[in-house]
$ cat model.csv   # CSV, C-alpha atoms
chain,number,residue,atom,x,y,z
G,1055,PRO,CA,-23.9,-53.8,-13.6
G,1056,SER,CA,-23.9,-55.5,-10.3
G,1057,ALA,CA,-22.9,-53.9,-7.0
G,1058,ASP,CA,-19.5,-55.7,-7.2
G,1059,ASP,CA,-18.8,-54.3,-10.6
G,1060,LEU,CA,-19.6,-50.8,-9.5
G,1061,ALA,CA,-17.3,-51.2,-6.5
G,1062,GLU,CA,-14.5,-52.3,-8.7
G,1063,GLU,CA,-15.1,-49.4,-11.1
G,1064,MET,CA,-15.0,-47.0,-8.2
G,1065,GLU,CA,-11.6,-48.3,-7.1
G,1066,ASP,CA,-10.2,-47.4,-10.5
G,1067,VAL,CA,-11.3,-43.8,-10.2
G,1068,ASP,CA,-8.4,-41.5,-9.2
G,1069,PHE,CA,-10.1,-38.9,-7.1
G,1070,GLU,CA,-6.9,-36.8,-6.9
G,1071,ASP,CA,-6.9,-35.9,-10.5
G,1072,GLU,CA,-10.6,-36.2,-11.4
G,1073,GLY,CA,-11.3,-35.8,-15.1
G,1074,ALA,CA,-8.0,-34.2,-16.0
G,1075,ASP,CA,-7.3,-36.7,-18.8
G,1076,GLU,CA,-10.5,-38.5,-19.7
G,1077,PRO,CA,-13.0,-36.2,-21.4
G,1078,ASP,CA,-15.9,-38.5,-20.3
G,1079,ALA,CA,-14.9,-38.7,-16.6
G,1080,GLU,CA,-17.6,-36.1,-15.9
G,1081,THR,CA,-20.4,-38.3,-17.1
G,1082,TRP,CA,-21.2,-39.8,-13.7
G,1083,ASP,CA,-22.5,-37.5,-11.1
G,1084,SER,CA,-22.2,-38.3,-7.4
G,1085,GLU,CA,-25.2,-37.2,-5.4
G,1086,ASP,CA,-23.1,-35.8,-2.6
G,1087,ASP,CA,-20.3,-33.4,-3.5
G,1088,GLU,CA,-19.1,-33.0,0.0
G,1089,GLY,CA,-15.6,-34.2,0.8
G,1090,VAL,CA,-14.4,-33.7,-2.8
G,1091,GLU,CA,-12.2,-30.9,-1.6
G,1092,ASP,CA,-9.6,-31.3,-4.3
G,1093,GLY,CA,-11.9,-30.1,-7.0
G,1094,MET,CA,-11.8,-26.3,-6.6
G,1095,GLU,CA,-15.5,-26.1,-7.3
G,1096,ALA,CA,-16.5,-28.7,-4.7
G,1097,GLN,CA,-16.8,-26.2,-1.9
G,1098,ASP,CA,-18.6,-22.9,-2.2
G,1099,ASP,CA,-18.6,-20.7,0.9
G,1100,SER,CA,-20.0,-17.7,-0.9
G,1101,GLU,CA,-23.4,-16.0,-0.1
G,1102,VAL,CA,-23.9,-14.4,-3.5
G,1103,THR,CA,-22.6,-15.1,-6.9
G,1104,PHE,CA,-22.6,-12.4,-9.7
G,1105,SER,CA,-22.4,-14.1,-13.0
G,1106,LEU,CA,-23.2,-11.5,-15.8
G,1107,HIS,CA,-19.6,-11.4,-17.0
G,1108,SER,CA,-18.8,-13.7,-19.8
G,1109,ALA,CA,-15.0,-13.8,-19.4
G,1110,SER,CA,-12.4,-13.2,-16.6
G,1111,VAL,CA,-13.4,-10.5,-14.1
G,1112,PHE,CA,-10.3,-8.3,-13.5
G,1113,CYS,CA,-11.3,-5.7,-10.9
G,1114,VAL,CA,-13.8,-4.9,-8.1
G,1115,SER,CA,-14.5,-2.0,-5.8
G,1116,LEU,CA,-17.1,-1.3,-3.2
G,1117,ASP,CA,-18.8,2.0,-2.8
G,1118,PRO,CA,-17.1,3.7,0.2
G,1119,LYS,CA,-20.1,5.4,1.6
G,1120,THR,CA,-22.6,2.6,2.1
G,1121,ASN,CA,-20.6,-0.5,1.1
G,1122,THR,CA,-23.8,-1.8,-0.5
G,1123,LEU,CA,-22.8,-1.6,-4.2
G,1124,ALA,CA,-19.9,-3.2,-6.1
G,1125,VAL,CA,-18.5,-2.4,-9.5
G,1126,THR,CA,-16.7,-5.1,-11.5
G,1127,GLY,CA,-14.9,-4.9,-14.8
G,1128,GLY,CA,-13.8,-7.8,-17.1
G,1129,GLU,CA,-12.2,-9.2,-20.1
G,1130,ASP,CA,-15.6,-9.1,-21.8
G,1131,ASP,CA,-15.1,-5.3,-22.2
G,1132,LYS,CA,-18.0,-4.8,-19.7
G,1133,ALA,CA,-18.4,-3.2,-16.3
G,1134,PHE,CA,-21.4,-3.6,-14.1
G,1135,VAL,CA,-22.6,-1.9,-10.9
G,1136,TRP,CA,-24.6,-4.3,-8.8
G,1137,ARG,CA,-26.0,-4.8,-5.3
G,1138,VAL,CA,-23.8,-6.8,-2.9
G,1139,SER,CA,-26.7,-8.1,-0.9
G,1140,ASP,CA,-28.4,-10.1,-3.7
G,1141,GLY,CA,-26.2,-9.7,-6.8
G,1142,GLU,CA,-29.0,-7.6,-8.5
G,1143,LEU,CA,-27.7,-5.5,-11.4
G,1144,LEU,CA,-28.1,-1.8,-11.0
G,1145,PHE,CA,-26.7,-0.7,-14.3
G,1146,GLU,CA,-24.1,-1.6,-17.0
G,1147,CYS,CA,-21.3,0.9,-17.7
G,1148,SER,CA,-21.5,0.4,-21.4
G,1149,GLY,CA,-19.4,1.5,-24.3
G,1150,HIS,CA,-16.0,0.0,-23.5
G,1151,LYS,CA,-14.1,-1.6,-26.4
G,1152,ASP,CA,-11.4,-3.4,-24.5
G,1153,SER,CA,-10.9,-5.3,-21.2
G,1154,VAL,CA,-12.1,-3.2,-18.3
G,1155,THR,CA,-9.1,-3.4,-15.9
G,1156,CYS,CA,-9.9,-0.5,-13.5
G,1157,ALA,CA,-13.1,0.5,-11.7
G,1158,GLY,CA,-13.9,2.5,-8.6
G,1159,PHE,CA,-16.3,4.8,-6.8
G,1160,SER,CA,-15.6,8.3,-5.8
G,1161,HIS,CA,-15.0,9.0,-2.0
G,1162,ASP,CA,-18.7,9.9,-1.5
G,1163,SER,CA,-20.1,7.2,-3.8
G,1164,VAL,CA,-21.6,9.8,-6.1
G,1165,PHE,CA,-19.6,8.7,-9.2
G,1166,VAL,CA,-18.2,5.5,-10.5
G,1167,ALA,CA,-15.3,5.4,-12.9
G,1168,THR,CA,-14.4,2.6,-15.3
G,1169,GLY,CA,-11.3,2.3,-17.4
G,1170,ASP,CA,-10.3,-0.1,-20.1
G,1171,MET,CA,-6.9,-1.3,-21.3
G,1172,SER,CA,-7.0,0.9,-24.4
G,1173,GLY,CA,-7.3,4.0,-22.2
G,1174,LEU,CA,-11.0,4.8,-22.5
G,1175,ILE,CA,-12.1,6.1,-19.1
G,1176,LYS,CA,-15.8,6.8,-18.4
G,1177,VAL,CA,-17.5,8.3,-15.3
G,1178,TRP,CA,-21.1,7.6,-14.4
G,1179,ARG,CA,-23.4,9.3,-11.9
G,1180,VAL,CA,-24.5,6.4,-9.7
G,1181,ASP,CA,-28.0,7.6,-8.7
G,1182,ALA,CA,-28.9,8.7,-12.2
G,1183,LYS,CA,-27.2,5.7,-13.8
G,1184,GLU,CA,-25.9,7.9,-16.5
G,1185,GLU,CA,-22.5,8.7,-18.1
G,1186,VAL,CA,-21.3,12.2,-17.2
G,1187,TRP,CA,-17.8,12.2,-18.6
G,1188,SER,CA,-15.4,10.2,-20.7
G,1189,PHE,CA,-11.8,10.7,-21.9
G,1190,GLU,CA,-9.3,8.7,-23.9
G,1191,VAL,CA,-5.7,8.4,-22.8
G,1192,GLY,CA,-2.9,6.0,-23.9
G,1193,ASP,CA,-2.9,2.4,-22.6
G,1194,LEU,CA,-4.2,2.5,-19.1
G,1195,GLU,CA,-2.0,1.0,-16.2
G,1196,TRP,CA,-4.0,2.1,-13.1
G,1197,MET,CA,-6.6,4.5,-11.9
G,1198,GLU,CA,-7.6,6.0,-8.5
G,1199,TRP,CA,-10.1,8.5,-7.1
G,1200,HIS,CA,-8.9,11.3,-4.8
G,1201,PRO,CA,-9.7,10.5,-1.1
G,1202,GLN,CA,-11.6,13.8,-0.5
G,1203,ALA,CA,-12.6,15.3,-3.9
G,1204,HIS,CA,-14.2,14.5,-7.2
G,1205,VAL,CA,-10.7,14.2,-8.8
G,1206,LEU,CA,-9.5,11.2,-10.7
G,1207,LEU,CA,-5.9,10.1,-11.3
G,1208,ALA,CA,-4.7,7.6,-13.8
G,1209,GLY,CA,-1.3,6.3,-15.0
G,1210,THR,CA,-0.6,5.4,-18.6
G,1211,ALA,CA,1.9,3.3,-20.6
G,1212,ASP,CA,3.6,6.5,-22.0
G,1213,GLY,CA,4.8,7.4,-18.5
G,1214,ASN,CA,2.2,10.1,-17.9
G,1215,THR,CA,0.0,10.5,-14.9
G,1216,TRP,CA,-3.3,12.3,-15.6
G,1217,MET,CA,-5.5,14.2,-13.2
G,1218,TRP,CA,-9.0,15.4,-13.9
G,1219,LYS,CA,-11.7,17.3,-12.1
G,1220,ILE,CA,-15.0,15.4,-12.5
G,1221,PRO,CA,-17.3,16.2,-14.2
G,1222,SER,CA,-15.8,19.4,-15.6
G,1223,GLY,CA,-12.8,17.5,-17.0
G,1224,ASP,CA,-10.2,20.1,-16.1
G,1225,CYS,CA,-6.9,18.3,-16.7
G,1226,LYS,CA,-3.3,18.2,-15.5
G,1227,THR,CA,-0.6,15.8,-16.5
G,1228,PHE,CA,2.6,14.8,-14.7
G,1229,GLN,CA,5.3,13.6,-17.0
G,1230,GLY,CA,7.3,10.7,-15.8
G,1231,PRO,CA,10.2,8.9,-17.6
G,1232,ALA,CA,9.4,7.5,-21.0
G,1233,CYS,CA,8.2,4.2,-19.7
G,1234,PRO,CA,4.9,3.0,-18.2
G,1235,ALA,CA,3.6,4.5,-14.9
G,1236,THR,CA,2.9,1.0,-13.5
G,1237,CYS,CA,1.3,1.9,-10.2
G,1238,GLY,CA,0.2,4.9,-8.2
G,1239,ARG,CA,-1.5,6.1,-5.0
G,1240,ILE,CA,-2.7,9.4,-3.8
G,1241,LEU,CA,-1.4,10.1,-0.3
G,1242,PRO,CA,-3.9,10.6,2.6
G,1243,ASP,CA,-3.2,14.4,2.7
G,1244,GLY,CA,-4.8,14.5,-0.8
G,1245,LYS,CA,-2.0,16.9,-1.9
G,1246,ARG,CA,0.6,14.4,-3.1
G,1247,ALA,CA,0.7,11.3,-5.1
G,1248,VAL,CA,3.3,8.6,-5.3
G,1249,VAL,CA,3.9,7.0,-8.7
G,1250,GLY,CA,6.0,4.0,-9.6
G,1251,TYR,CA,7.5,3.3,-13.0
G,1252,GLU,CA,8.7,0.4,-15.2
G,1253,ASP,CA,12.3,1.6,-15.0
G,1254,GLY,CA,12.4,1.1,-11.3
G,1255,THR,CA,12.1,4.7,-10.3
G,1256,MET,CA,9.5,6.3,-8.1
G,1257,ARG,CA,8.3,9.9,-7.9
G,1258,ILE,CA,6.3,11.8,-5.3
G,1259,TRP,CA,4.3,14.5,-7.1
G,1260,ASP,CA,2.8,17.7,-5.7
G,1261,LEU,CA,-0.7,17.6,-7.2
G,1262,LYS,CA,-1.3,21.3,-7.0
G,1263,GLN,CA,2.0,22.5,-8.4
G,1264,GLY,CA,2.4,19.7,-10.8
G,1265,THR,CA,6.0,19.3,-9.7
G,1266,SER,CA,8.0,16.3,-8.6
G,1267,LEU,CA,8.9,16.6,-4.9
G,1268,HIS,CA,11.2,13.5,-4.7
G,1269,VAL,CA,12.6,11.1,-7.2
G,1270,LEU,CA,14.0,7.7,-6.2
G,1271,LYS,CA,16.3,6.2,-8.8
G,1272,GLY,CA,19.6,4.4,-9.2
G,1273,GLN,CA,20.6,2.7,-6.0
G,1274,ASP,CA,17.7,4.2,-4.1
G,1275,GLY,CA,15.2,3.0,-6.7
G,1276,HIS,CA,14.4,-0.5,-7.7
G,1277,GLN,CA,16.3,-2.6,-10.2
G,1278,ASP,CA,13.1,-3.8,-12.0
G,1279,PRO,CA,9.6,-2.4,-12.7
G,1280,LEU,CA,7.5,-1.3,-9.7
G,1281,THR,CA,4.4,-3.4,-9.2
G,1282,CYS,CA,2.7,-1.7,-6.2
G,1283,VAL,CA,2.8,1.2,-3.8
G,1284,ALA,CA,1.1,1.9,-0.5
G,1285,SER,CA,1.2,4.4,2.3
G,1286,ASN,CA,0.4,4.2,6.0
G,1287,GLN,CA,-2.6,5.9,7.5
G,1288,ASP,CA,-1.1,9.4,8.0
G,1289,GLY,CA,0.9,9.2,4.8
G,1290,SER,CA,4.3,9.6,6.6
G,1291,LEU,CA,5.6,6.3,5.2
G,1292,ILE,CA,5.4,4.9,1.7
G,1293,MET,CA,6.2,1.3,0.7
G,1294,THR,CA,7.1,0.3,-2.9
G,1295,GLY,CA,7.2,-3.3,-4.3
G,1296,SER,CA,8.9,-4.5,-7.4
G,1297,VAL,CA,9.6,-7.4,-9.7
G,1298,ASP,CA,13.1,-7.3,-8.1
G,1299,CYS,CA,11.5,-8.9,-4.9
G,1300,HIS,CA,12.4,-5.9,-2.8
G,1301,ALA,CA,10.0,-3.8,-0.8
G,1302,LYS,CA,11.3,-0.4,0.2
G,1303,LEU,CA,10.1,1.7,3.1
G,1304,ILE,CA,10.4,5.4,2.3
G,1305,ASN,CA,9.9,8.6,4.4
G,1306,SER,CA,7.4,10.6,2.3
G,1307,ALA,CA,8.6,13.9,3.7
G,1308,THR,CA,12.2,13.5,2.9
G,1309,GLY,CA,12.0,11.0,0.1
G,1310,LYS,CA,14.7,8.9,1.8
G,1311,VAL,CA,14.7,5.1,1.9
G,1312,VAL,CA,14.3,4.1,5.5
G,1313,CYS,CA,14.9,0.4,4.9
G,1314,VAL,CA,14.7,-2.4,2.3
G,1315,PHE,CA,12.9,-5.6,3.0
G,1316,LYS,CA,14.5,-8.4,0.8
G,1317,MET,CA,13.2,-11.8,0.4
G,1318,GLU,CA,16.0,-14.4,0.5
G,1319,THR,CA,15.5,-16.2,-2.8
G,1320,VAL,CA,15.5,-19.9,-2.6
G,1321,ALA,CA,18.1,-21.6,-4.8
G,1322,PRO,CA,16.6,-23.3,-7.9
G,1323,LYS,CA,15.9,-26.9,-7.1
G,1324,ALA,CA,17.5,-28.3,-10.3
G,1325,PRO,CA,19.8,-26.9,-12.9
G,1326,ILE,CA,17.7,-25.0,-15.4
G,1327,SER,CA,17.8,-26.7,-18.8
G,1328,GLU,CA,17.8,-24.6,-21.9
G,1329,GLY,CA,14.4,-23.1,-22.8
G,1330,GLU,CA,13.2,-23.4,-19.3
G,1331,GLU,CA,12.6,-20.3,-17.2
G,1332,ALA,CA,13.8,-19.9,-13.6
G,1333,GLU,CA,11.0,-19.8,-11.1
G,1334,SER,CA,10.1,-16.1,-11.1
G,1335,ASN,CA,9.2,-14.2,-8.0
G,1336,SER,CA,8.1,-10.6,-7.4
G,1337,VAL,CA,6.3,-8.4,-4.9
G,1338,GLU,CA,2.6,-8.5,-6.0
G,1339,SER,CA,0.9,-6.5,-3.2
G,1340,LEU,CA,1.7,-4.7,0.0
G,1341,GLY,CA,0.0,-2.7,2.8
G,1342,PHE,CA,0.3,-1.1,6.2
G,1343,CYS,CA,-1.6,-2.2,9.4
G,1344,ASN,CA,-3.5,0.7,10.9
G,1345,VAL,CA,-3.4,-0.4,14.5
G,1346,MET,CA,0.2,-1.8,14.9
G,1347,PRO,CA,3.5,-0.9,13.3
G,1348,LEU,CA,3.3,-3.8,10.9
G,1349,ALA,CA,3.4,-4.1,7.1
G,1350,ALA,CA,2.5,-7.0,4.9
G,1351,VAL,CA,4.2,-8.0,1.6
G,1352,GLY,CA,2.7,-10.6,-0.7
G,1353,TYR,CA,4.9,-12.4,-3.2
G,1354,LEU,CA,4.3,-14.3,-6.4
G,1355,ASP,CA,5.9,-17.5,-4.8
G,1356,GLY,CA,3.1,-17.6,-2.3
G,1357,THR,CA,4.9,-16.0,0.7
G,1358,LEU,CA,3.1,-13.5,2.9
G,1359,ALA,CA,5.7,-11.7,4.9
G,1360,ILE,CA,4.7,-9.7,7.9
G,1361,TYR,CA,7.4,-7.1,8.8
G,1362,ASP,CA,7.8,-5.2,12.0
G,1363,LEU,CA,8.4,-1.6,11.2
G,1364,SER,CA,9.7,-0.6,14.6
G,1365,THR,CA,12.5,-3.1,14.4
G,1366,GLN,CA,12.6,-3.3,10.6
G,1367,SER,CA,12.6,-7.1,10.8
G,1368,LEU,CA,10.7,-10.0,9.4
G,1369,ARG,CA,8.1,-11.1,12.0
G,1370,HIS,CA,6.2,-13.9,10.3
G,1371,LYS,CA,6.2,-15.8,7.0
G,1372,CYS,CA,2.8,-17.3,6.1
G,1373,GLN,CA,3.2,-19.7,3.2
G,1374,HIS,CA,0.5,-20.2,0.5
G,1375,GLU,CA,0.5,-23.1,-2.0
G,1376,SER,CA,0.3,-20.7,-4.9
G,1377,GLY,CA,1.0,-17.0,-5.7
G,1378,ILE,CA,-0.5,-14.1,-3.8
G,1379,VAL,CA,-2.4,-11.8,-6.1
G,1380,GLN,CA,-3.4,-9.2,-3.6
G,1381,LEU,CA,-3.6,-8.4,0.1
G,1382,LEU,CA,-5.6,-6.0,2.2
G,1383,TRP,CA,-5.5,-5.2,5.9
G,1384,GLU,CA,-8.7,-4.9,8.0
G,1385,GLU,CA,-9.3,-1.3,8.8
G,1386,SER,CA,-9.2,-1.6,12.6
G,1387,SER,CA,-7.4,-4.8,13.5
G,1388,ALA,CA,-4.1,-6.7,12.8
G,1389,VAL,CA,-5.8,-9.0,10.4
G,1390,VAL,CA,-4.6,-9.3,6.8
G,1391,TYR,CA,-6.6,-10.8,3.9
G,1392,THR,CA,-4.9,-12.5,0.9
G,1393,CYS,CA,-6.3,-13.8,-2.3
G,1394,SER,CA,-4.3,-16.2,-4.4
G,1395,LEU,CA,-4.0,-18.1,-7.7
G,1396,ASP,CA,-5.5,-21.2,-6.0
G,1397,GLY,CA,-8.9,-19.4,-5.8
G,1398,ALA,CA,-9.1,-19.0,-2.0
G,1399,VAL,CA,-9.4,-16.0,0.3
G,1400,ARG,CA,-7.5,-16.3,3.6
G,1401,LEU,CA,-7.5,-14.3,6.8
G,1402,TRP,CA,-4.3,-14.2,8.8
G,1403,ASP,CA,-3.6,-12.9,12.3
G,1404,ALA,CA,-0.5,-10.8,11.8
G,1405,ARG,CA,0.4,-10.9,15.5
G,1406,SER,CA,0.7,-14.7,15.5
G,1407,GLY,CA,1.2,-15.4,11.8
G,1408,LYS,CA,-1.5,-18.0,12.0
G,1409,MET,CA,-4.3,-18.4,9.5
G,1410,ILE,CA,-7.7,-17.5,11.0
G,1411,SER,CA,-10.0,-18.8,8.2
G,1412,GLU,CA,-10.2,-19.7,4.5
G,1413,TYR,CA,-13.0,-19.2,2.0
G,1414,ARG,CA,-13.4,-21.0,-1.3
G,1415,GLY,CA,-15.9,-21.0,-4.1
G,1416,HIS,CA,-14.1,-20.0,-7.3
G,1417,SER,CA,-13.0,-22.6,-9.8
G,1418,ALA,CA,-10.1,-20.4,-11.0
G,1419,GLU,CA,-7.6,-17.9,-9.6
G,1420,ILE,CA,-8.9,-14.8,-7.8
G,1421,LEU,CA,-7.8,-11.7,-9.7
G,1422,ASP,CA,-9.0,-8.9,-7.3
G,1423,PHE,CA,-11.0,-8.5,-4.1
G,1424,ALA,CA,-12.4,-5.9,-1.8
G,1425,VAL,CA,-13.3,-5.9,1.9
G,1426,ASN,CA,-16.1,-3.7,3.4
G,1427,LYS,CA,-15.5,-1.2,6.2
G,1428,ASP,CA,-16.6,-3.3,9.1
G,1429,ALA,CA,-14.8,-6.4,7.7
G,1430,SER,CA,-18.0,-8.5,7.5
G,1431,ILE,CA,-17.9,-9.2,3.8
G,1432,VAL,CA,-15.3,-9.8,1.0
G,1433,VAL,CA,-16.1,-9.5,-2.7
G,1434,THR,CA,-13.9,-11.4,-5.1
G,1435,THR,CA,-13.5,-11.5,-8.8
G,1436,SER,CA,-12.0,-14.5,-10.7
G,1437,GLY,CA,-10.8,-16.0,-13.9
G,1438,ASP,CA,-13.9,-18.2,-13.7
G,1439,HIS,CA,-16.0,-15.3,-15.0
G,1440,GLN,CA,-17.7,-14.8,-11.7
G,1441,ALA,CA,-17.7,-12.3,-8.8
G,1442,LYS,CA,-18.6,-13.7,-5.3
G,1443,VAL,CA,-19.6,-12.2,-2.0
G,1444,PHE,CA,-18.3,-14.0,1.1
G,1445,CYS,CA,-19.6,-13.4,4.6
G,1446,VAL,CA,-16.5,-13.3,6.9
G,1447,GLN,CA,-18.1,-12.1,10.2
G,1448,ARG,CA,-16.2,-13.8,13.0
G,1449,PRO,CA,-17.7,-14.9,16.3
G,1450,ASP,CA,-14.8,-13.5,18.2
G,1451,ARG,CA,-15.8,-9.9,17.6

$ encode --input "model.csv" --output "structure tokens"
Amino acid sequence: PSADDLAEEMEDVDFEDEGADEPDAETWDSEDDEGVEDGMEAQDDSEVTFSLHSASVFCVSLDPKTNTLAVTGGEDDKAFVWRVSDGELLFECSGHKDSVTCAGFSHDSVFVATGDMSGLIKVWRVDAKEEVWSFEVGDLEWMEWHPQAHVLLAGTADGNTWMWKIPSGDCKTFQGPACPATCGRILPDGKRAVVGYEDGTMRIWDLKQGTSLHVLKGQDGHQDPLTCVASNQDGSLIMTGSVDCHAKLINSATGKVVCVFKMETVAPKAPISEGEEAESNSVESLGFCNVMPLAAVGYLDGTLAIYDLSTQSLRHKCQHESGIVQLLWEESSAVVYTCSLDGAVRLWDARSGKMISEYRGHSAEILDFAVNKDASIVVTTSGDHQAKVFCVQRPDR
């Protein structure tokens, strides 16, 4: 073909929607991929890609002590412990028979725990790369290590919260209502845990006594299942998020609701015809800032809301194109990180509400992410079967 023919052909190519309809649109390769920002894969800001998973990667944690190791779990029923610096595999946490949805290191990085959907939980000694404990519970909803001890907590679909000493396996259960314990968090004092349930209730448990200190239900509770819970640095305040789009601020000592942050729901754009669902929205993630009285709430409709705790008012709304999956605050600044269904990680300045930077590299939604202690790297996992390490060091620090 002559140069003119080629030029004409190029005009017919719709770059916006490259290859969506025509199966053979991929057959011609352009030498230079820069500038094709619409294709999610076009831009890869990551330093390291870990690609041993063969299906969606659901969860990631960094080892708290050195921040040099990551553990990831995926839909391929596999979990891997690998080096963040170069993506080198340390060992595989083998033996799971269902999607690995929970994974994390103990507070001192001695152990790593992996849990799959069916409820099989395994603990490995990191230096020896060997399994030291395993246990089977009902369908697993969440799992968390104690902040100061070799104690593991997990919530299951039957409403129970389990607590084990590792590796001895001494066990205690906290019986919730007869519905899934959908989220949970051990408070910073290490003596209490807050657990949210599918029926909209929340309980604060005394871990030593095994008793429930406070129950929030009815008007005080949520109208829909809880999706996430968080506490501030000293554990005096708890925040709960729910499918009902409310975030509640709770005094952990009294169990009383301090205030409710409600998202004004936008009226549906068009009348909903039969068989169509209304645009759903829910609170997906939330967290407290350590250095200012601020809290962040991430919604499925893509809104990141920054609330001022001292005035109990909305301070900023940071809009994302697509739903927020998770948010994390930087440990020692007013910067909040979000990952969303569009496959990007974004850093926001909570004081101004402005976006600081954006990192891309995944070709599918990000499902989980972790930030290291000095906020220099972010590790993400995605539906594209990959985990990636992004360097987010900023010149202004």

$ residues_around --input "model.csv" --residues "segment 1440-1449 of chain G" --least-positions-apart "5" --cutoff "10 Å" --atoms "only C-alpha atoms" --output "JSON, numbers by chain"
{"G": [1098, 1099, 1100, 1101, 1102, 1103, 1104, 1105, 1106, 1107, 1108, 1109, 1110, 1111, 1112, 1113, 1114, 1124, 1125, 1126, 1127, 1128, 1138, 1139, 1140, 1141, 1399, 1401, 1410, 1411, 1412, 1413, 1414, 1415, 1416, 1417, 1418, 1420, 1421, 1422, 1423, 1424, 1425, 1428, 1429, 1430, 1431, 1432, 1433, 1434, 1435]}

$ atom_distance --input "model.csv" --atom1 "atom CA of Asp1181 of chain G" --atom2 "atom CA of Glu1384 of chain G"
28.4 Å

$ residues_around --input "model.csv" --residues "Ala1388 of chain G" --least-positions-apart "2" --cutoff "9 Å" --atoms "all atoms listed in the file" --output "PDB file with C-alpha atoms, keeping the file's coordinate frame"
ATOM      1  CA  CYS G1343      -1.600  -2.200   9.400  1.00  0.00           C
ATOM      2  CA  ASN G1344      -3.500   0.700  10.900  1.00  0.00           C
ATOM      3  CA  VAL G1345      -3.400  -0.400  14.500  1.00  0.00           C
ATOM      4  CA  MET G1346       0.200  -1.800  14.900  1.00  0.00           C
ATOM      5  CA  LEU G1348       3.300  -3.800  10.900  1.00  0.00           C
ATOM      6  CA  TRP G1383      -5.500  -5.200   5.900  1.00  0.00           C
ATOM      7  CA  GLU G1384      -8.700  -4.900   8.000  1.00  0.00           C
ATOM      8  CA  GLU G1385      -9.300  -1.300   8.800  1.00  0.00           C
ATOM      9  CA  SER G1386      -9.200  -1.600  12.600  1.00  0.00           C
ATOM     10  CA  VAL G1390      -4.600  -9.300   6.800  1.00  0.00           C
ATOM     11  CA  TRP G1402      -4.300 -14.200   8.800  1.00  0.00           C
ATOM     12  CA  ASP G1403      -3.600 -12.900  12.300  1.00  0.00           C
ATOM     13  CA  ALA G1404      -0.500 -10.800  11.800  1.00  0.00           C
ATOM     14  CA  ARG G1405       0.400 -10.900  15.500  1.00  0.00           C
TER      15      ARG G1405
END

$ atom_distance --input "model.csv" --atom1 "atom CA of Val1297 of chain G" --atom2 "atom CA of Gly1397 of chain G"
22.4 Å

$ closest_residue --input "model.csv" --among "G:Ile1378, G:Ile1175, G:Cys1299, G:Ala1157" --to "Gly1223 of chain G" --atoms "all atoms listed in the file"
G:Ile1175

$ residues_around --input "model.csv" --residues "Trp1216 of chain G" --least-positions-apart "2" --cutoff "12 Å" --atoms "only C-alpha atoms" --output "MDAnalysis selection string"
chainID G and resid 1173 1175 1189:1192 1194:1199 1205:1214 1218:1219 1223:1230 1235 1238 1247 1249 1259 1261 1264

$ write_last_selection --input "model.csv" --atoms "C-alpha atoms" --output "mmCIF file, in the frame of the given file"
data_model
loop_
_atom_site.group_PDB
_atom_site.id
_atom_site.type_symbol
_atom_site.label_atom_id
_atom_site.label_comp_id
_atom_site.auth_asym_id
_atom_site.auth_seq_id
_atom_site.Cartn_x
_atom_site.Cartn_y
_atom_site.Cartn_z
ATOM 1 C CA GLY G 1173 -7.300 4.000 -22.200
ATOM 2 C CA ILE G 1175 -12.100 6.100 -19.100
ATOM 3 C CA PHE G 1189 -11.800 10.700 -21.900
ATOM 4 C CA GLU G 1190 -9.300 8.700 -23.900
ATOM 5 C CA VAL G 1191 -5.700 8.400 -22.800
ATOM 6 C CA GLY G 1192 -2.900 6.000 -23.900
ATOM 7 C CA LEU G 1194 -4.200 2.500 -19.100
ATOM 8 C CA GLU G 1195 -2.000 1.000 -16.200
ATOM 9 C CA TRP G 1196 -4.000 2.100 -13.100
ATOM 10 C CA MET G 1197 -6.600 4.500 -11.900
ATOM 11 C CA GLU G 1198 -7.600 6.000 -8.500
ATOM 12 C CA TRP G 1199 -10.100 8.500 -7.100
ATOM 13 C CA VAL G 1205 -10.700 14.200 -8.800
ATOM 14 C CA LEU G 1206 -9.500 11.200 -10.700
ATOM 15 C CA LEU G 1207 -5.900 10.100 -11.300
ATOM 16 C CA ALA G 1208 -4.700 7.600 -13.800
ATOM 17 C CA GLY G 1209 -1.300 6.300 -15.000
ATOM 18 C CA THR G 1210 -0.600 5.400 -18.600
ATOM 19 C CA ALA G 1211 1.900 3.300 -20.600
ATOM 20 C CA ASP G 1212 3.600 6.500 -22.000
ATOM 21 C CA GLY G 1213 4.800 7.400 -18.500
ATOM 22 C CA ASN G 1214 2.200 10.100 -17.900
ATOM 23 C CA TRP G 1218 -9.000 15.400 -13.900
ATOM 24 C CA LYS G 1219 -11.700 17.300 -12.100
ATOM 25 C CA GLY G 1223 -12.800 17.500 -17.000
ATOM 26 C CA ASP G 1224 -10.200 20.100 -16.100
ATOM 27 C CA CYS G 1225 -6.900 18.300 -16.700
ATOM 28 C CA LYS G 1226 -3.300 18.200 -15.500
ATOM 29 C CA THR G 1227 -0.600 15.800 -16.500
ATOM 30 C CA PHE G 1228 2.600 14.800 -14.700
ATOM 31 C CA GLN G 1229 5.300 13.600 -17.000
ATOM 32 C CA GLY G 1230 7.300 10.700 -15.800
ATOM 33 C CA ALA G 1235 3.600 4.500 -14.900
ATOM 34 C CA GLY G 1238 0.200 4.900 -8.200
ATOM 35 C CA ALA G 1247 0.700 11.300 -5.100
ATOM 36 C CA VAL G 1249 3.900 7.000 -8.700
ATOM 37 C CA TRP G 1259 4.300 14.500 -7.100
ATOM 38 C CA LEU G 1261 -0.700 17.600 -7.200
ATOM 39 C CA GLY G 1264 2.400 19.700 -10.800
#

$ atom_distance --input "model.csv" --atom1 "atom CA of Cys1156 of chain G" --atom2 "atom CA of Gly1169 of chain G"
5.0 Å
